[in-house]
Amino acid sequence: MSAVQTNTVPQVEEHDRAASITGRAYLSALMRDRVAFIAAIFLTLLLIAAAGADFLAPYDPNRANLGARFIAPFGTARDGGFHLLGTDELGRDLFSRLMHGARVSMSIGLLGALCSGAVGITLGVLAGFYRGLLEDLLMRAVDGMMALPSLLIALFILFVIGPGFGNLILIFTLLHWMVFARMARSLTLNHQQHTYITAARAIGASDTRIILTHLLPNMVSPLIVLFTLEIAVLILSEASLSFLGFGVQAPQSSWGLMIARGREYISSAWWLVVMPGAAIFLTALALNLVAAWARAITDPVQRWRWLTPPRRKNQPIEDDE
Amino acid sequence: MPYLLRRFIQSFILLFFLISFVFVVGRIIGDPALIMLGTSASETALDQLRENLGLNQPIWQQYLVFLSDLTQGDFGVSFRYGFSMMPSDALRSEGTPVLPIVLSRLPATFMLAGTSLVFAFSLAVVLGCLAAMHPRSWIDNLVNVISLASVSLVQFWLGLILIIIFSVHMGILPTGGFGTWQHLILPALTLAARPLGRISQVVRSAMLDELSKPYISAARAKGVPEWRVVFVHALKNASIPIVTITGDELSQLLTGAMLVETVFAWPGVGLLLIDSLGRRDLPMVQAGICVVAALVIFVNLAVDFAYTVLNPRIQMDNRGGRA
């Protein structure tokens, strides 16, 4: 009932509320949504662990210690070394390896999403802004490419040009720009009908200026949500490709590759398979949760519920599942 | 009919582009002789193979030969399948034609994907409907958790976890292979996780929409039993988004099967493809990709056809795209 009542607040208050939205309001809104808060903390810790793996990891991820092979999680080696997540077939510390793997997996996810986002948003905005033949061709290409099995095509291209970090980013850019293009185009079409664009044009702003200073800033929030989701998708794809042997190659190690290695010891050392997969799962889950939160908070219809302090006990927070 | 005809032509063009893409990547970006023999091959062996495969001809001529071979169902021959080593003086006539091999692997993939989809779909419809009937109940939360987990999961990992639990520790199901119904359970469950989550979420939201409409109240007022209102009246009208997502998931299943088949040594097209990639068997890889992609395109077309049956208004739509 309270939602219905607050929904009918007069229009005047909308402006005050919009003015009072600060970084602090976002932070306190995040803290009130417990699940999203935990997910955000997890992602922050993960980024720190990935960036500082060289200093923070308890062991050298590549140092073999044959006296400490296959130690189960929470186990202690004979030389007294404690291994939180156990050790692998060469006695290397799994937790340290996961931290270093996080760096590879996360940077592929981030870089891949950045590159495909840059390509997709550029093409999408241009198509939505200039319309015409460019738009027709682009949208046909988007529809066509979205209908194709991307994992299969990624495998084939990697098979021909060879695996590796750089090629993975290239493939992801080539096969994932379409979602960004589609969204950027529809957002551009949407915003172009607004009077502020007409006004900008009337005072003689150039196309470049309209696109860069008027259109793009207004499109940021939905694109950031999409960007977050794409990072999750790319981390999962990277894991699949690396698992099949066409992703990250041996001296480097990613989570997917670690699962592939651990598979040989599945009957004796379950943690070698379970832990890297759990890392992928939790990361993707956290990204999805944060994206869902960001979507709710940047949605103009919904966000006032999050950004104004709760007055009643039954605050409008979604289920904490 | 023009709508379907147009979609048919679009699918055909897409397939043509895909085949051309496979040609361009295989022949122009990559060097087929190098791909098939590996970097350690001698120059003489490479030249020999180029000669035998007609790679010395101008590229447009190769393209025409490639296309005309395809129209006769000839995807080339494999020198690797069934051989332990690459015969040094391989002639085109000595290899095994690849298309029959790829096609012979299709039933196993269909069996796996079909079982998963039927299982995931029926469970998802029931779960989604129950969640929509009782918003904010435990079953609603369950559907949310499943759908969130299913998009965050790598399927091959789930498969390995199931192997650890049911094969290694409990020892009640085989770790992989093909034959009895026990072999089917774990791969089918693994593959079903993603569609289960995605479909149940869509069923839930589509049903929530439908159940709030006036005709539902009318049916309830008439005294129609609740199960009939939900599963007959509402579900039928909620079917379009459900069919859309199921079609999408089916095409995902066909490629997802690739990883699951690898984990469980299930002898389908996916496993053949991965093995062929490892053997550097270019013709087999090309045939496999073309066949799987053609299937995916066909599934998308079939979904569009299903729309026109479910909702005759779509035929009038001139834009041609999906809603």
# chains A, B, ... in the order shown; residues from 1 in each chain; ligands from 1
>>> interface_residues(of="chain B", to="chain A", cutoff="8 Å", atoms="only C-alpha atoms", output="ChimeraX atom specification")
/B:14,25-26,29-30,35,136,141,144-145,148-149,151-154,156-157,160-161,164,168,251-252,255,259,274,277,285,289,293,296-297,300
>>> write_last_selection(atoms="N, CA and C atoms", output="compact mmCIF listing (two decimals), in the first residue's frame")
# COMPACT_ATOMS: atom_id res chain seq x y z
N LEU B 14 21.68 -15.47 -45.16
CA LEU B 14 22.54 -15.58 -43.99
C LEU B 14 23.43 -16.82 -44.09
N VAL B 25 37.74 -17.19 -44.02
CA VAL B 25 38.62 -17.41 -42.86
C VAL B 25 39.56 -18.58 -43.12
N GLY B 26 39.02 -19.65 -43.69
CA GLY B 26 39.83 -20.85 -43.89
C GLY B 26 40.88 -20.69 -44.98
N ILE B 29 42.43 -15.85 -44.77
CA ILE B 29 43.12 -15.45 -43.53
C ILE B 29 44.10 -16.54 -43.12
N GLY B 30 43.66 -17.78 -43.23
CA GLY B 30 44.54 -18.88 -42.89
C GLY B 30 45.03 -19.56 -44.16
N ILE B 35 47.39 -25.05 -41.98
CA ILE B 35 46.47 -25.45 -40.92
C ILE B 35 46.46 -26.96 -40.77
N ARG B 136 6.23 -13.58 -4.72
CA ARG B 136 6.93 -13.37 -3.44
C ARG B 136 6.89 -14.59 -2.52
N ASN B 141 10.86 -17.02 -5.26
CA ASN B 141 12.28 -16.80 -4.97
C ASN B 141 13.15 -17.85 -5.62
N ASN B 144 13.68 -17.10 -9.18
CA ASN B 144 14.65 -16.02 -9.33
C ASN B 144 16.08 -16.50 -9.15
N VAL B 145 16.27 -17.32 -8.11
CA VAL B 145 17.62 -17.82 -7.85
C VAL B 145 18.09 -18.69 -9.00
N LEU B 148 18.96 -16.58 -12.06
CA LEU B 148 20.19 -15.81 -11.88
C LEU B 148 21.40 -16.73 -11.93
N ALA B 149 21.28 -17.88 -11.25
CA ALA B 149 22.41 -18.81 -11.22
C ALA B 149 22.69 -19.36 -12.61
N VAL B 151 22.44 -18.07 -15.54
CA VAL B 151 23.18 -17.24 -16.49
C VAL B 151 24.60 -16.95 -16.00
N SER B 152 24.90 -17.34 -14.75
CA SER B 152 26.23 -17.08 -14.22
C SER B 152 27.11 -18.33 -14.24
N LEU B 153 26.57 -19.38 -14.81
CA LEU B 153 27.21 -20.69 -14.69
C LEU B 153 27.92 -21.05 -15.99
N VAL B 154 29.10 -21.67 -15.87
CA VAL B 154 29.65 -22.29 -17.07
C VAL B 154 29.20 -23.74 -17.06
N PHE B 156 30.10 -26.50 -18.57
CA PHE B 156 30.99 -27.64 -18.43
C PHE B 156 31.40 -27.83 -16.97
N TRP B 157 31.44 -26.74 -16.23
CA TRP B 157 31.78 -26.85 -14.80
C TRP B 157 30.67 -27.58 -14.05
N LEU B 160 31.03 -31.16 -14.62
CA LEU B 160 32.12 -31.78 -13.84
C LEU B 160 31.70 -31.95 -12.38
N ILE B 161 30.95 -30.97 -11.85
CA ILE B 161 30.47 -31.09 -10.47
C ILE B 161 29.55 -32.30 -10.35
N ILE B 164 31.55 -35.35 -10.23
CA ILE B 164 32.17 -35.55 -8.93
C ILE B 164 31.16 -36.14 -7.94
N VAL B 168 31.86 -40.01 -9.09
CA VAL B 168 33.04 -40.29 -8.29
C VAL B 168 32.66 -40.68 -6.86
N SER B 251 18.68 -22.95 -29.98
CA SER B 251 19.89 -22.73 -30.76
C SER B 251 21.11 -22.63 -29.85
N GLN B 252 20.91 -22.13 -28.62
CA GLN B 252 22.02 -22.13 -27.66
C GLN B 252 22.41 -23.55 -27.28
N THR B 255 24.84 -25.31 -29.62
CA THR B 255 26.26 -25.00 -29.46
C THR B 255 26.74 -25.36 -28.06
N LEU B 259 30.31 -28.22 -25.62
CA LEU B 259 31.10 -28.33 -24.39
C LEU B 259 30.68 -29.52 -23.55
N ILE B 274 35.17 -30.68 -31.85
CA ILE B 274 36.31 -30.41 -30.98
C ILE B 274 37.48 -31.35 -31.29
N LEU B 277 39.06 -30.20 -34.48
CA LEU B 277 39.90 -29.02 -34.26
C LEU B 277 41.26 -29.46 -33.74
N VAL B 285 36.06 -29.70 -39.85
CA VAL B 285 35.66 -28.55 -39.05
C VAL B 285 34.69 -27.66 -39.84
N ILE B 289 30.84 -26.92 -38.78
CA ILE B 289 30.35 -25.57 -38.50
C ILE B 289 29.19 -25.22 -39.41
N ALA B 293 25.57 -24.45 -37.86
CA ALA B 293 25.04 -23.11 -38.09
C ALA B 293 23.76 -23.17 -38.92
N VAL B 296 21.03 -24.00 -36.60
CA VAL B 296 20.64 -22.86 -35.78
C VAL B 296 19.76 -21.90 -36.59
N ILE B 297 20.17 -21.64 -37.81
CA ILE B 297 19.38 -20.76 -38.67
C ILE B 297 17.99 -21.36 -38.92
N ASN B 300 15.78 -20.89 -35.90
CA ASN B 300 15.24 -19.52 -35.83
C ASN B 300 14.08 -19.33 -36.79
>>> residues_around(residues="Pro135 of chain B", least_positions_apart="4", cutoff="12 Å", atoms="only C-alpha atoms", output="CSV table (one decimal) with N, CA and C atoms, in the first residue's frame")
chain,number,residue,atom,x,y,z
A,319,ASP,N,13.1,-8.4,-3.0
A,319,ASP,CA,13.4,-9.6,-2.2
A,319,ASP,C,14.9,-9.7,-2.1
B,127,LEU,N,7.2,-24.4,-13.0
B,127,LEU,CA,7.8,-23.5,-12.0
B,127,LEU,C,7.4,-22.1,-12.3
B,128,GLY,N,7.5,-21.6,-13.5
B,128,GLY,CA,7.1,-20.3,-13.9
B,128,GLY,C,5.7,-19.9,-13.5
B,129,CYS,N,4.8,-20.9,-13.9
B,129,CYS,CA,3.4,-20.7,-13.6
B,129,CYS,C,3.1,-20.6,-12.1
B,130,LEU,N,3.7,-21.5,-11.4
B,130,LEU,CA,3.5,-21.5,-9.9
B,130,LEU,C,4.1,-20.2,-9.3
B,131,ALA,N,5.2,-19.8,-9.8
B,131,ALA,CA,5.8,-18.5,-9.3
B,131,ALA,C,4.9,-17.3,-9.6
B,139,ILE,N,8.5,-20.2,-3.9
B,139,ILE,CA,8.7,-20.8,-5.2
B,139,ILE,C,9.1,-19.7,-6.2
B,140,ASP,N,8.6,-18.5,-5.9
B,140,ASP,CA,9.0,-17.3,-6.7
B,140,ASP,C,10.4,-17.0,-6.5
B,141,ASN,N,10.9,-17.0,-5.3
B,141,ASN,CA,12.3,-16.8,-5.0
B,141,ASN,C,13.2,-17.9,-5.6
B,142,LEU,N,12.7,-19.1,-5.6
B,142,LEU,CA,13.4,-20.2,-6.2
B,142,LEU,C,13.6,-19.9,-7.7
B,143,VAL,N,12.6,-19.5,-8.4
B,143,VAL,CA,12.7,-19.2,-9.8
B,143,VAL,C,13.7,-18.1,-10.0
B,144,ASN,N,13.7,-17.1,-9.2
B,144,ASN,CA,14.6,-16.0,-9.3
B,144,ASN,C,16.1,-16.5,-9.1
B,204,ARG,N,7.4,-16.9,-16.0
B,204,ARG,CA,7.0,-16.2,-14.8
B,204,ARG,C,6.5,-14.8,-15.2
B,205,SER,N,7.3,-14.0,-15.9
B,205,SER,CA,6.9,-12.6,-16.2
B,205,SER,C,5.8,-12.5,-17.2
B,207,MET,N,3.4,-14.8,-17.5
B,207,MET,CA,2.2,-15.2,-16.8
B,207,MET,C,1.7,-14.1,-15.9
B,208,LEU,N,2.6,-13.4,-15.2
B,208,LEU,CA,2.2,-12.3,-14.4
B,208,LEU,C,1.5,-11.3,-15.1
B,211,LEU,N,-2.0,-12.9,-16.1
B,211,LEU,CA,-2.9,-13.1,-15.0
B,211,LEU,C,-3.6,-11.8,-14.5
>>> atom_distance(atom1="atom CA of Ala77 of chain A", atom2="atom CA of Asn65 of chain A")
9.7 Å
>>> residues_around(residues="Arg201 of chain A", least_positions_apart="5", cutoff="12 Å", atoms="only C-alpha atoms", output="count of residues only")
11
>>> select_by_dssp(residues="segment 227-262 of chain B", states="alpha helix (DSSP H)", output="PyMOL selection string")
chain B and resi 227-228+235-237+239-262
>>> residues_around(residues="Leu117 of chain B", least_positions_apart="3", cutoff="9 Å", atoms="only C-alpha atoms", output="number ranges by chain")
B: 112-114, 120-122, 188, 191-192, 195-196, 246, 249-250, 253
>>> write_last_selection(atoms="N, CA, C and O atoms", output="PDB file, in the first residue's frame")
ATOM      1  N   LEU B 112      20.461 -35.643 -27.151  1.00  0.00           N
ATOM      2  CA  LEU B 112      20.883 -34.927 -25.948  1.00  0.00           C
ATOM      3  C   LEU B 112      20.157 -33.589 -25.827  1.00  0.00           C
ATOM      4  O   LEU B 112      19.548 -33.284 -24.787  1.00  0.00           O
ATOM      5  N   ALA B 113      20.196 -32.801 -26.906  1.00  0.00           N
ATOM      6  CA  ALA B 113      19.579 -31.474 -26.858  1.00  0.00           C
ATOM      7  C   ALA B 113      18.068 -31.595 -26.662  1.00  0.00           C
ATOM      8  O   ALA B 113      17.469 -30.839 -25.898  1.00  0.00           O
ATOM      9  N   GLY B 114      17.458 -32.593 -27.334  1.00  0.00           N
ATOM     10  CA  GLY B 114      16.017 -32.780 -27.233  1.00  0.00           C
ATOM     11  C   GLY B 114      15.597 -33.141 -25.821  1.00  0.00           C
ATOM     12  O   GLY B 114      14.681 -32.545 -25.256  1.00  0.00           O
ATOM     13  N   ALA B 120      13.826 -29.298 -19.484  1.00  0.00           N
ATOM     14  CA  ALA B 120      13.912 -27.916 -19.011  1.00  0.00           C
ATOM     15  C   ALA B 120      12.603 -27.182 -19.265  1.00  0.00           C
ATOM     16  O   ALA B 120      12.100 -26.460 -18.403  1.00  0.00           O
ATOM     17  N   PHE B 121      12.031 -27.393 -20.440  1.00  0.00           N
ATOM     18  CA  PHE B 121      10.830 -26.658 -20.804  1.00  0.00           C
ATOM     19  C   PHE B 121       9.665 -27.018 -19.899  1.00  0.00           C
ATOM     20  O   PHE B 121       8.977 -26.143 -19.361  1.00  0.00           O
ATOM     21  N   SER B 122       9.448 -28.340 -19.694  1.00  0.00           N
ATOM     22  CA  SER B 122       8.270 -28.696 -18.905  1.00  0.00           C
ATOM     23  C   SER B 122       8.424 -28.244 -17.455  1.00  0.00           C
ATOM     24  O   SER B 122       7.495 -27.684 -16.874  1.00  0.00           O
ATOM     25  N   ALA B 188      22.346 -34.542 -19.963  1.00  0.00           N
ATOM     26  CA  ALA B 188      21.080 -33.851 -20.213  1.00  0.00           C
ATOM     27  C   ALA B 188      20.773 -32.866 -19.088  1.00  0.00           C
ATOM     28  O   ALA B 188      20.353 -31.736 -19.349  1.00  0.00           O
ATOM     29  N   LEU B 191      23.053 -29.806 -19.455  1.00  0.00           N
ATOM     30  CA  LEU B 191      22.657 -28.941 -20.558  1.00  0.00           C
ATOM     31  C   LEU B 191      21.331 -28.241 -20.265  1.00  0.00           C
ATOM     32  O   LEU B 191      21.041 -27.179 -20.808  1.00  0.00           O
ATOM     33  N   ALA B 192      20.515 -28.838 -19.383  1.00  0.00           N
ATOM     34  CA  ALA B 192      19.187 -28.289 -19.130  1.00  0.00           C
ATOM     35  C   ALA B 192      19.225 -27.079 -18.199  1.00  0.00           C
ATOM     36  O   ALA B 192      18.280 -26.306 -18.159  1.00  0.00           O
ATOM     37  N   PRO B 195      18.696 -23.379 -20.042  1.00  0.00           N
ATOM     38  CA  PRO B 195      17.331 -23.130 -20.518  1.00  0.00           C
ATOM     39  C   PRO B 195      16.305 -23.150 -19.397  1.00  0.00           C
ATOM     40  O   PRO B 195      15.347 -22.379 -19.437  1.00  0.00           O
ATOM     41  N   LEU B 196      16.519 -23.988 -18.380  1.00  0.00           N
ATOM     42  CA  LEU B 196      15.571 -24.028 -17.270  1.00  0.00           C
ATOM     43  C   LEU B 196      15.458 -22.650 -16.620  1.00  0.00           C
ATOM     44  O   LEU B 196      14.357 -22.131 -16.414  1.00  0.00           O
ATOM     45  N   THR B 246      12.293 -20.109 -25.922  1.00  0.00           N
ATOM     46  CA  THR B 246      12.610 -21.521 -26.112  1.00  0.00           C
ATOM     47  C   THR B 246      13.383 -21.734 -27.407  1.00  0.00           C
ATOM     48  O   THR B 246      14.337 -22.510 -27.454  1.00  0.00           O
ATOM     49  N   GLU B 249      16.843 -20.593 -26.854  1.00  0.00           N
ATOM     50  CA  GLU B 249      17.565 -21.546 -26.027  1.00  0.00           C
ATOM     51  C   GLU B 249      17.912 -22.809 -26.797  1.00  0.00           C
ATOM     52  O   GLU B 249      18.949 -23.412 -26.571  1.00  0.00           O
ATOM     53  N   LEU B 250      17.024 -23.186 -27.736  1.00  0.00           N
ATOM     54  CA  LEU B 250      17.320 -24.380 -28.532  1.00  0.00           C
ATOM     55  C   LEU B 250      18.564 -24.147 -29.380  1.00  0.00           C
ATOM     56  O   LEU B 250      19.432 -25.024 -29.478  1.00  0.00           O
ATOM     57  N   LEU B 253      21.383 -24.404 -27.157  1.00  0.00           N
ATOM     58  CA  LEU B 253      21.633 -25.797 -26.773  1.00  0.00           C
ATOM     59  C   LEU B 253      22.521 -26.488 -27.791  1.00  0.00           C
ATOM     60  O   LEU B 253      23.406 -27.254 -27.435  1.00  0.00           O
TER      61      LEU B 253
END
>>> residues_around(residues="Met111 of chain B", least_positions_apart="2", cutoff="12 Å", atoms="only C-alpha atoms", output="short mmCIF file (atom, residue, chain, number, x, y, z; two decimals) with N, CA and C atoms, in the first residue's frame")
data_model
loop_
_atom_site.label_atom_id
_atom_site.label_comp_id
_atom_site.auth_asym_id
_atom_site.auth_seq_id
_atom_site.Cartn_x
_atom_site.Cartn_y
_atom_site.Cartn_z
N ARG B 105 26.68 -38.08 -36.86
CA ARG B 105 26.77 -37.70 -35.46
C ARG B 105 25.56 -36.90 -34.98
N LEU B 106 24.73 -36.45 -35.93
CA LEU B 106 23.60 -35.59 -35.55
C LEU B 106 22.61 -36.25 -34.59
N PRO B 107 22.21 -37.52 -34.82
CA PRO B 107 21.19 -38.09 -33.93
C PRO B 107 21.57 -38.02 -32.46
N ALA B 108 22.85 -38.29 -32.14
CA ALA B 108 23.27 -38.25 -30.74
C ALA B 108 23.09 -36.85 -30.17
N THR B 109 23.48 -35.82 -30.96
CA THR B 109 23.31 -34.44 -30.48
C THR B 109 21.84 -34.10 -30.32
N ALA B 113 20.20 -32.80 -26.91
CA ALA B 113 19.58 -31.47 -26.86
C ALA B 113 18.07 -31.60 -26.66
N GLY B 114 17.46 -32.59 -27.33
CA GLY B 114 16.02 -32.78 -27.23
C GLY B 114 15.60 -33.14 -25.82
N THR B 115 16.31 -34.11 -25.23
CA THR B 115 15.98 -34.50 -23.85
C THR B 115 16.09 -33.31 -22.91
N SER B 116 17.20 -32.57 -23.03
CA SER B 116 17.40 -31.42 -22.16
C SER B 116 16.28 -30.41 -22.33
N LEU B 117 15.94 -30.14 -23.58
CA LEU B 117 14.95 -29.09 -23.81
C LEU B 117 13.59 -29.51 -23.28
N VAL B 118 13.20 -30.77 -23.53
CA VAL B 118 11.90 -31.22 -23.05
C VAL B 118 11.85 -31.15 -21.53
N PHE B 178 28.23 -43.38 -24.09
CA PHE B 178 26.98 -43.38 -24.82
C PHE B 178 26.45 -44.80 -24.80
N GLY B 179 25.14 -44.95 -24.72
CA GLY B 179 24.59 -46.30 -24.76
C GLY B 179 23.29 -46.38 -24.01
N TRP B 181 20.36 -45.50 -20.90
CA TRP B 181 19.71 -44.27 -20.47
C TRP B 181 20.48 -43.61 -19.34
N HIS B 183 23.57 -43.15 -19.25
CA HIS B 183 24.57 -42.27 -19.85
C HIS B 183 23.98 -40.91 -20.20
N LEU B 184 22.67 -40.89 -20.41
CA LEU B 184 22.04 -39.66 -20.87
C LEU B 184 21.77 -38.68 -19.72
N ILE B 185 21.59 -39.22 -18.51
CA ILE B 185 21.07 -38.38 -17.41
C ILE B 185 21.97 -37.17 -17.13
N PRO B 187 24.64 -35.66 -18.74
CA PRO B 187 24.78 -34.62 -19.76
C PRO B 187 23.47 -33.85 -19.99
N ALA B 188 22.35 -34.54 -19.96
CA ALA B 188 21.08 -33.85 -20.21
C ALA B 188 20.77 -32.87 -19.09
N LEU B 191 23.05 -29.81 -19.45
CA LEU B 191 22.66 -28.94 -20.56
C LEU B 191 21.33 -28.24 -20.27
N LEU B 253 21.38 -24.40 -27.16
CA LEU B 253 21.63 -25.80 -26.77
C LEU B 253 22.52 -26.49 -27.79
N LEU B 254 22.27 -26.20 -29.07
CA LEU B 254 23.03 -26.89 -30.11
C LEU B 254 24.51 -26.57 -30.02
N ALA B 257 25.88 -27.83 -26.45
CA ALA B 257 26.10 -29.27 -26.47
C ALA B 257 27.56 -29.59 -26.75
N GLU B 261 29.19 -32.24 -24.54
CA GLU B 261 29.61 -33.47 -25.19
C GLU B 261 31.09 -33.74 -24.93
N TRP B 266 30.28 -37.58 -25.11
CA TRP B 266 29.04 -37.94 -25.80
C TRP B 266 29.28 -37.80 -27.31
N PRO B 267 29.09 -38.87 -28.09
CA PRO B 267 29.56 -38.83 -29.47
C PRO B 267 28.64 -38.06 -30.43
N GLY B 268 28.47 -36.78 -30.20
CA GLY B 268 27.65 -35.97 -31.09
C GLY B 268 28.51 -35.11 -31.99
N VAL B 269 27.85 -34.17 -32.68
CA VAL B 269 28.56 -33.29 -33.61
C VAL B 269 29.59 -32.44 -32.86
#
